[in-house]
$ cat structure-v2.cif   # mmCIF, C-alpha atoms
data_coords
#
loop_
_atom_site.label_atom_id
_atom_site.label_comp_id
_atom_site.auth_asym_id
_atom_site.auth_seq_id
_atom_site.Cartn_x
_atom_site.Cartn_y
_atom_site.Cartn_z
CA MET A 1 -19.57 37.36 108.50
CA PHE A 2 -18.64 35.45 105.33
CA ARG A 3 -16.08 33.37 107.26
CA ILE A 4 -18.66 32.55 109.95
CA LEU A 5 -21.24 31.45 107.38
CA SER A 6 -18.63 29.33 105.57
CA ALA A 7 -17.63 27.65 108.82
CA LEU A 8 -21.26 26.92 109.66
CA ALA A 9 -21.82 25.42 106.21
CA VAL A 10 -18.87 23.10 106.68
CA LEU A 11 -20.06 22.05 110.14
CA ILE A 12 -23.52 21.29 108.77
CA ALA A 13 -22.22 19.41 105.71
CA ILE A 14 -19.91 17.11 107.69
CA PRO A 15 -22.67 15.53 109.83
CA LEU A 16 -24.94 15.18 106.78
CA THR A 17 -22.20 13.45 104.80
CA ALA A 18 -21.33 11.19 107.72
CA ALA A 19 -24.99 10.35 108.27
CA TRP A 20 -25.45 9.41 104.62
CA ALA A 21 -22.30 7.26 104.64
CA ALA A 22 -23.52 5.50 107.78
CA SER A 23 -26.91 4.83 106.20
CA SER A 24 -25.46 3.38 102.98
CA VAL A 25 -25.15 -0.38 102.90
CA PRO A 26 -23.99 -3.09 100.49
CA VAL A 27 -26.71 -4.91 98.58
CA ARG A 28 -26.52 -8.37 97.01
CA VAL A 29 -29.03 -9.39 94.35
CA GLN A 30 -29.36 -12.83 92.77
CA ILE A 31 -31.48 -13.44 89.68
CA VAL A 32 -32.73 -16.97 88.96
CA ASP A 33 -35.16 -18.42 86.46
CA ALA A 34 -38.39 -20.28 87.25
CA LYS A 35 -36.42 -23.47 88.00
CA GLY A 36 -33.98 -21.69 90.31
CA VAL A 37 -31.12 -21.69 87.80
CA PRO A 38 -28.93 -18.55 88.00
CA VAL A 39 -29.46 -16.05 85.19
CA ARG A 40 -26.28 -14.53 83.80
CA ASP A 41 -26.06 -11.03 82.27
CA ALA A 42 -29.33 -9.81 83.74
CA VAL A 43 -29.19 -6.06 84.30
CA VAL A 44 -30.12 -4.98 87.83
CA GLU A 45 -30.93 -1.35 88.62
CA ILE A 46 -31.69 -0.05 92.12
CA ASP A 47 -33.67 3.18 92.30
CA ALA A 48 -32.86 4.46 95.80
CA ALA A 49 -33.15 7.88 97.38
CA GLY A 50 -29.78 9.45 98.16
CA PRO A 51 -27.70 12.60 97.71
CA GLU A 52 -27.09 13.97 94.23
CA THR A 53 -24.19 12.04 92.75
CA GLY A 54 -23.55 14.28 89.76
CA ARG A 55 -22.28 12.49 86.68
CA ILE A 56 -22.82 8.72 86.85
CA THR A 57 -19.76 6.63 86.08
CA PHE A 58 -19.05 2.91 86.04
CA PRO A 59 -15.68 1.13 86.35
CA TRP A 60 -15.97 -0.78 83.08
CA ARG A 61 -15.15 0.60 79.65
CA MET A 62 -17.93 2.18 77.62
CA ALA A 63 -17.23 0.01 74.57
CA MET A 64 -18.98 -2.68 72.55
CA ALA A 65 -16.48 -4.46 70.31
CA GLN A 66 -17.05 -6.62 67.26
CA ARG A 67 -14.93 -9.73 67.67
CA ASN A 68 -15.32 -13.18 66.09
CA GLU A 69 -18.48 -11.82 64.48
CA GLN A 70 -20.06 -11.17 67.86
CA PHE A 71 -20.78 -8.11 69.97
CA VAL A 72 -18.51 -8.16 73.02
CA PRO A 73 -19.72 -7.88 75.73
CA GLY A 74 -23.13 -9.21 74.73
CA THR A 75 -24.78 -6.79 77.19
CA LEU A 76 -23.31 -3.45 78.25
CA VAL A 77 -24.63 -1.21 81.05
CA ILE A 78 -24.04 2.51 80.59
CA ALA A 79 -25.20 5.77 82.17
CA ARG A 80 -27.61 7.97 80.26
CA GLY A 81 -25.67 10.46 78.16
CA SER A 82 -22.65 8.18 77.71
CA THR A 83 -20.81 7.77 74.42
CA VAL A 84 -20.03 4.18 73.48
CA ALA A 85 -17.10 3.13 71.30
CA PHE A 86 -17.58 0.36 68.73
CA PRO A 87 -14.12 -0.99 67.81
CA ASN A 88 -13.95 -3.55 64.99
CA LEU A 89 -11.48 -6.28 66.01
CA ASP A 90 -12.41 -8.61 63.12
CA THR A 91 -10.83 -9.00 59.69
CA VAL A 92 -14.20 -8.32 58.04
CA ARG A 93 -16.20 -5.13 57.95
CA HIS A 94 -19.14 -4.51 60.26
CA SER A 95 -21.95 -2.02 60.63
CA VAL A 96 -23.91 -1.23 63.79
CA TYR A 97 -27.58 -0.31 63.86
CA SER A 98 -30.56 -0.17 66.20
CA PHE A 99 -34.29 0.28 65.69
CA SER A 100 -34.95 0.53 69.45
CA LYS A 101 -37.01 3.49 70.64
CA PRO A 102 -34.34 4.93 72.99
CA ALA A 103 -31.75 5.00 70.18
CA ARG A 104 -32.48 4.67 66.48
CA PHE A 105 -29.23 4.94 64.53
CA GLU A 106 -27.08 3.32 61.85
CA ILE A 107 -23.30 3.30 61.59
CA ASP A 108 -22.10 2.45 58.08
CA LEU A 109 -19.60 -0.32 57.36
CA PHE A 110 -16.15 0.10 58.89
CA GLY A 111 -13.10 -2.14 58.81
CA ARG A 112 -10.58 -3.83 61.05
CA ASP A 113 -8.97 -1.70 63.78
CA GLN A 114 -11.38 1.12 63.06
CA THR A 115 -13.71 2.52 65.75
CA ARG A 116 -16.98 4.38 65.56
CA THR A 117 -18.88 6.04 68.43
CA GLN A 118 -22.50 6.70 69.34
CA LYS A 119 -24.06 8.74 72.15
CA PHE A 120 -27.04 7.43 74.13
CA PRO A 121 -29.05 10.30 75.71
CA ILE A 122 -32.23 8.35 76.56
CA ALA A 123 -32.60 5.64 79.22
CA GLY A 124 -33.85 2.22 78.18
CA ALA A 125 -32.83 -0.94 76.35
CA VAL A 126 -31.12 -0.77 72.97
CA ALA A 127 -30.86 -3.87 70.75
CA LEU A 128 -27.91 -3.85 68.33
CA GLY A 129 -27.42 -5.61 65.00
CA CYS A 130 -25.08 -5.74 62.01
CA ASN A 131 -26.41 -5.39 58.46
CA ILE A 132 -23.84 -7.86 57.13
CA HIS A 133 -24.02 -10.55 59.84
CA ASP A 134 -27.60 -11.29 60.86
CA GLN A 135 -26.53 -13.60 63.70
CA MET A 136 -24.87 -10.74 65.58
CA ARG A 137 -26.94 -9.49 68.52
CA GLY A 138 -25.91 -7.11 71.28
CA TYR A 139 -27.68 -5.07 73.93
CA ILE A 140 -27.00 -1.78 75.66
CA ARG A 141 -28.97 -0.93 78.78
CA VAL A 142 -28.95 2.82 79.42
CA VAL A 143 -29.62 3.61 83.09
CA ASP A 144 -30.35 6.65 85.23
CA THR A 145 -28.90 5.32 88.49
CA PRO A 146 -25.34 4.68 89.73
CA TYR A 147 -26.60 1.54 91.52
CA ALA A 148 -26.63 -0.77 88.53
CA GLY A 149 -24.75 -3.60 86.87
CA LYS A 150 -25.22 -7.07 85.40
CA THR A 151 -25.19 -10.46 87.06
CA ASP A 152 -22.29 -12.92 86.90
CA HIS A 153 -22.39 -16.66 86.09
CA ASN A 154 -23.97 -17.27 89.52
CA GLY A 155 -26.71 -14.77 88.78
CA MET A 156 -25.21 -12.47 91.42
CA LEU A 157 -24.58 -8.74 91.52
CA ALA A 158 -23.03 -6.87 94.46
CA ILE A 159 -23.54 -3.12 94.74
CA ASP A 160 -21.82 -1.22 97.54
CA ALA A 161 -23.08 1.85 99.40
CA VAL A 162 -26.75 1.86 98.44
CA PRO A 163 -28.76 4.41 100.49
CA SER A 164 -31.06 2.91 103.11
CA GLY A 165 -34.80 3.25 102.79
CA ALA A 166 -37.52 2.37 100.32
CA ALA A 167 -36.17 1.38 96.91
CA LYS A 168 -37.18 -0.23 93.65
CA ILE A 169 -35.23 -2.98 91.91
CA THR A 170 -35.62 -3.27 88.15
CA VAL A 171 -34.39 -6.41 86.38
CA TRP A 172 -33.91 -6.44 82.61
CA HIS A 173 -32.87 -9.30 80.34
CA PRO A 174 -33.45 -9.72 76.59
CA ARG A 175 -35.31 -13.01 77.17
CA LEU A 176 -37.32 -11.92 80.22
CA ARG A 177 -41.01 -12.66 79.63
CA ALA A 178 -42.60 -9.32 80.56
CA PRO A 179 -43.44 -5.98 78.93
CA GLY A 180 -40.21 -4.29 77.93
CA ASN A 181 -38.28 -7.43 79.02
CA GLU A 182 -38.19 -6.10 82.56
CA MET A 183 -39.71 -6.63 85.98
CA GLN A 184 -39.78 -4.44 89.08
CA ARG A 185 -39.86 -5.18 92.78
CA ALA A 186 -40.29 -2.78 95.72
CA VAL A 187 -37.79 -3.48 98.51
CA GLU A 188 -36.57 -1.96 101.74
CA ILE A 189 -32.84 -1.30 102.04
CA SER A 190 -31.89 -1.47 105.72
CA GLY A 191 -28.90 -1.91 107.97
CA GLY A 192 -29.63 -5.64 108.26
CA SER A 193 -29.36 -8.33 105.64
CA ASN A 194 -29.71 -6.89 102.14
CA ARG A 195 -29.74 -10.04 100.07
CA HIS A 196 -32.52 -10.25 97.52
CA ARG A 197 -33.24 -13.33 95.39
CA LEU A 198 -35.59 -12.60 92.51
CA ALA A 199 -37.08 -15.20 90.17
CA VAL A 200 -37.87 -14.28 86.58
CA THR A 201 -39.54 -16.10 83.72
CA LEU A 202 -37.47 -16.36 80.56
CA ARG A 203 -38.52 -17.07 76.99
#

$ encode --input "structure-v2.cif" --output "structure tokens"
Amino acid sequence: MFRILSALAVLIAIPLTAAWAASSVPVRVQIVDAKGVPVRDAVVEIDAAGPETGRITFPWRMAMAQRNEQFVPGTLVIARGSTVAFPNLDTVRHSVYSFSKPARFEIDLFGRDQTRTQKFPIAGAVALGCNIHDQMRGYIRVVDTPYAGKTDHNGMLAIDAVPSGAAKITVWHPRLRAPGNEMQRAVEISGGSNRHRLAVTLR
């Protein structure tokens, strides 16, 4: 009986998996400002219904370096619950702090070739600073979806295999003129053209 039930479970799972794969499509999103100029490093998140993905991972490194007295990259997208490394690649010491609601923390001064880490368990936008260098600004966007990333120099982001159906696109940028520096748009992800061009107002 156990073998029969196991075989039936496999037979049921295969069509469901195949059906989901067939209903997942690539999505292209372009973010522009009010004049139509592409917006670089805007974070795009797509909230779409799909199967449980388990732990969310991204192909880029979960690290925010200090180099040439700047945070590099300036904006980092991570999954909720991720631990971010902060390597100091400068010859001077740096600290890292945030007063943002999703993550209030302070990492004391550390020197060249040293690394500190911080976990981010709450979704949202985290603004970073350094107590020694006031000009240093960095941002970490903590997301709850695997369908996320930031736009390139053309304001474009390509996300593969997004489940079809009703979805919500959230755009975040530190200079976006809106509550929380973000805007949302309801969209329909279908088997046809999934190119979305969204205009935002920047400060």

$ atom_distance --input "structure-v2.cif" --atom1 "atom CA of Thr145 of chain A" --atom2 "atom CA of Glu45 of chain A"
7.0 Å

$ closest_residue --input "structure-v2.cif" --among "A:Ile132, A:Ile56, A:Ala166, A:Ile122" --to "Arg93 of chain A" --atoms "only C-alpha atoms"
A:Ile132

$ atom_distance --input "structure-v2.cif" --atom1 "atom CA of Ile169 of chain A" --atom2 "atom CA of Gly138 of chain A"
23.0 Å

$ residues_around --input "structure-v2.cif" --residues "Asp90 of chain A" --least-positions-apart "3" --cutoff "12 Å" --atoms "only C-alpha atoms" --output "list in words"
Ala65, Gln66, Arg67, Asn68, Glu69, Gln70, Phe71, Val72, Phe86, Pro87, Arg93, His94, Ser95, Phe110, Gly111, Arg112, Asp113, Gln114 and Thr115 of chain A

$ atom_distance --input "structure-v2.cif" --atom1 "atom CA of Pro179 of chain A" --atom2 "atom CA of Thr117 of chain A"
29.3 Å

$ residues_near_point --input "structure-v2.cif" --point "(-33.8, -3.4, 89.1)" --cutoff "12 Å" --atoms "all atoms listed in the file" --output "ChimeraX atom specification"
/A:27-31,42-48,141,143-151,157,159,167-173,181-187,196-198,200

$ resolve_selection --input "structure-v2.cif" --expression "the PyMOL selection byres ((chain A and resi 127) around 10)" --output "VMD selection string"
chain A and resid 75 97 to 104 125 to 126 128 to 129 137 to 141 174

$ residues_around --input "structure-v2.cif" --residues "Pro121 of chain A" --least-positions-apart "4" --cutoff "9 Å" --atoms "all atoms listed in the file" --output "PDB file with C-alpha atoms, in the frame of the given file"
ATOM      1  CA  ALA A  79     -25.200   5.770  82.170  1.00  0.00           C
ATOM      2  CA  ARG A  80     -27.610   7.970  80.260  1.00  0.00           C
ATOM      3  CA  GLY A  81     -25.670  10.460  78.160  1.00  0.00           C
ATOM      4  CA  SER A  82     -22.650   8.180  77.710  1.00  0.00           C
ATOM      5  CA  THR A  83     -20.810   7.770  74.420  1.00  0.00           C
ATOM      6  CA  PRO A 102     -34.340   4.930  72.990  1.00  0.00           C
ATOM      7  CA  ALA A 103     -31.750   5.000  70.180  1.00  0.00           C
ATOM      8  CA  VAL A 142     -28.950   2.820  79.420  1.00  0.00           C
TER       9      VAL A 142
END

$ axis_aligned_box --input "structure-v2.cif" --around "segment 55-66 of chain A" --padding-each-side "8 Å" --output "lines of an AutoDock Vina configuration file"
center_x = -19.0
center_y = 2.9
center_z = 77.1
size_x = 23.7
size_y = 35.1
size_z = 35.6

$ closest_residue --input "structure-v2.cif" --among "A:Lys35, A:Arg116, A:Arg40, A:Arg175" --to "Met64 of chain A" --atoms "all atoms listed in the file"
A:Arg116

$ residues_around --input "structure-v2.cif" --residues "segment 163-165 of chain A" --least-positions-apart "6" --cutoff "6 Å" --atoms "only C-alpha atoms" --output "list of chain:residue names"
A:Ser23, A:Ser24, A:Gly50, A:Glu188, A:Ile189, A:Ser190

$ build_atoms --input "structure-v2.cif" --residues "segment 155-168 of chain A" --atoms "N, CA, C and O atoms" --output "PDB file, in the coordinates of the input"
ATOM      1  N   GLY A 155     -25.521 -15.604  88.710  1.00  0.00           N
ATOM      2  CA  GLY A 155     -26.710 -14.770  88.780  1.00  0.00           C
ATOM      3  C   GLY A 155     -26.620 -13.687  89.840  1.00  0.00           C
ATOM      4  O   GLY A 155     -27.637 -13.106  90.218  1.00  0.00           O
ATOM      5  N   MET A 156     -25.400 -13.386  90.305  1.00  0.00           N
ATOM      6  CA  MET A 156     -25.210 -12.470  91.420  1.00  0.00           C
ATOM      7  C   MET A 156     -24.694 -11.103  90.956  1.00  0.00           C
ATOM      8  O   MET A 156     -23.924 -11.003  90.001  1.00  0.00           O
ATOM      9  N   LEU A 157     -25.122 -10.085  91.677  1.00  0.00           N
ATOM     10  CA  LEU A 157     -24.580  -8.740  91.520  1.00  0.00           C
ATOM     11  C   LEU A 157     -24.450  -8.112  92.893  1.00  0.00           C
ATOM     12  O   LEU A 157     -25.399  -8.138  93.685  1.00  0.00           O
ATOM     13  N   ALA A 158     -23.274  -7.570  93.195  1.00  0.00           N
ATOM     14  CA  ALA A 158     -23.030  -6.870  94.460  1.00  0.00           C
ATOM     15  C   ALA A 158     -22.865  -5.389  94.176  1.00  0.00           C
ATOM     16  O   ALA A 158     -22.073  -5.000  93.312  1.00  0.00           O
ATOM     17  N   ILE A 159     -23.629  -4.580  94.886  1.00  0.00           N
ATOM     18  CA  ILE A 159     -23.540  -3.120  94.740  1.00  0.00           C
ATOM     19  C   ILE A 159     -23.271  -2.541  96.125  1.00  0.00           C
ATOM     20  O   ILE A 159     -24.025  -2.777  97.066  1.00  0.00           O
ATOM     21  N   ASP A 160     -22.202  -1.797  96.253  1.00  0.00           N
ATOM     22  CA  ASP A 160     -21.820  -1.220  97.540  1.00  0.00           C
ATOM     23  C   ASP A 160     -22.473   0.148  97.738  1.00  0.00           C
ATOM     24  O   ASP A 160     -22.791   0.850  96.777  1.00  0.00           O
ATOM     25  N   ALA A 161     -22.647   0.498  98.992  1.00  0.00           N
ATOM     26  CA  ALA A 161     -23.080   1.850  99.400  1.00  0.00           C
ATOM     27  C   ALA A 161     -24.379   2.295  98.753  1.00  0.00           C
ATOM     28  O   ALA A 161     -24.461   3.356  98.131  1.00  0.00           O
ATOM     29  N   VAL A 162     -25.406   1.477  98.901  1.00  0.00           N
ATOM     30  CA  VAL A 162     -26.750   1.860  98.440  1.00  0.00           C
ATOM     31  C   VAL A 162     -27.465   2.548  99.606  1.00  0.00           C
ATOM     32  O   VAL A 162     -27.475   2.028 100.718  1.00  0.00           O
ATOM     33  N   PRO A 163     -28.074   3.714  99.397  1.00  0.00           N
ATOM     34  CA  PRO A 163     -28.760   4.410 100.490  1.00  0.00           C
ATOM     35  C   PRO A 163     -29.879   3.577 101.092  1.00  0.00           C
ATOM     36  O   PRO A 163     -30.627   2.903 100.377  1.00  0.00           O
ATOM     37  N   SER A 164     -29.987   3.616 102.416  1.00  0.00           N
ATOM     38  CA  SER A 164     -31.060   2.910 103.110  1.00  0.00           C
ATOM     39  C   SER A 164     -32.410   3.552 102.821  1.00  0.00           C
ATOM     40  O   SER A 164     -32.495   4.735 102.498  1.00  0.00           O
ATOM     41  N   GLY A 165     -33.453   2.738 102.971  1.00  0.00           N
ATOM     42  CA  GLY A 165     -34.800   3.250 102.790  1.00  0.00           C
ATOM     43  C   GLY A 165     -35.543   2.483 101.707  1.00  0.00           C
ATOM     44  O   GLY A 165     -35.086   1.453 101.212  1.00  0.00           O
ATOM     45  N   ALA A 166     -36.717   2.998 101.367  1.00  0.00           N
ATOM     46  CA  ALA A 166     -37.520   2.370 100.320  1.00  0.00           C
ATOM     47  C   ALA A 166     -36.814   2.479  98.984  1.00  0.00           C
ATOM     48  O   ALA A 166     -36.235   3.516  98.653  1.00  0.00           O
ATOM     49  N   ALA A 167     -36.845   1.404  98.205  1.00  0.00           N
ATOM     50  CA  ALA A 167     -36.170   1.380  96.910  1.00  0.00           C
ATOM     51  C   ALA A 167     -36.943   0.504  95.938  1.00  0.00           C
ATOM     52  O   ALA A 167     -37.856  -0.233  96.331  1.00  0.00           O
ATOM     53  N   LYS A 168     -36.568   0.590  94.690  1.00  0.00           N
ATOM     54  CA  LYS A 168     -37.180  -0.230  93.650  1.00  0.00           C
ATOM     55  C   LYS A 168     -36.076  -0.912  92.857  1.00  0.00           C
ATOM     56  O   LYS A 168     -35.128  -0.259  92.431  1.00  0.00           O
TER      57      LYS A 168
END
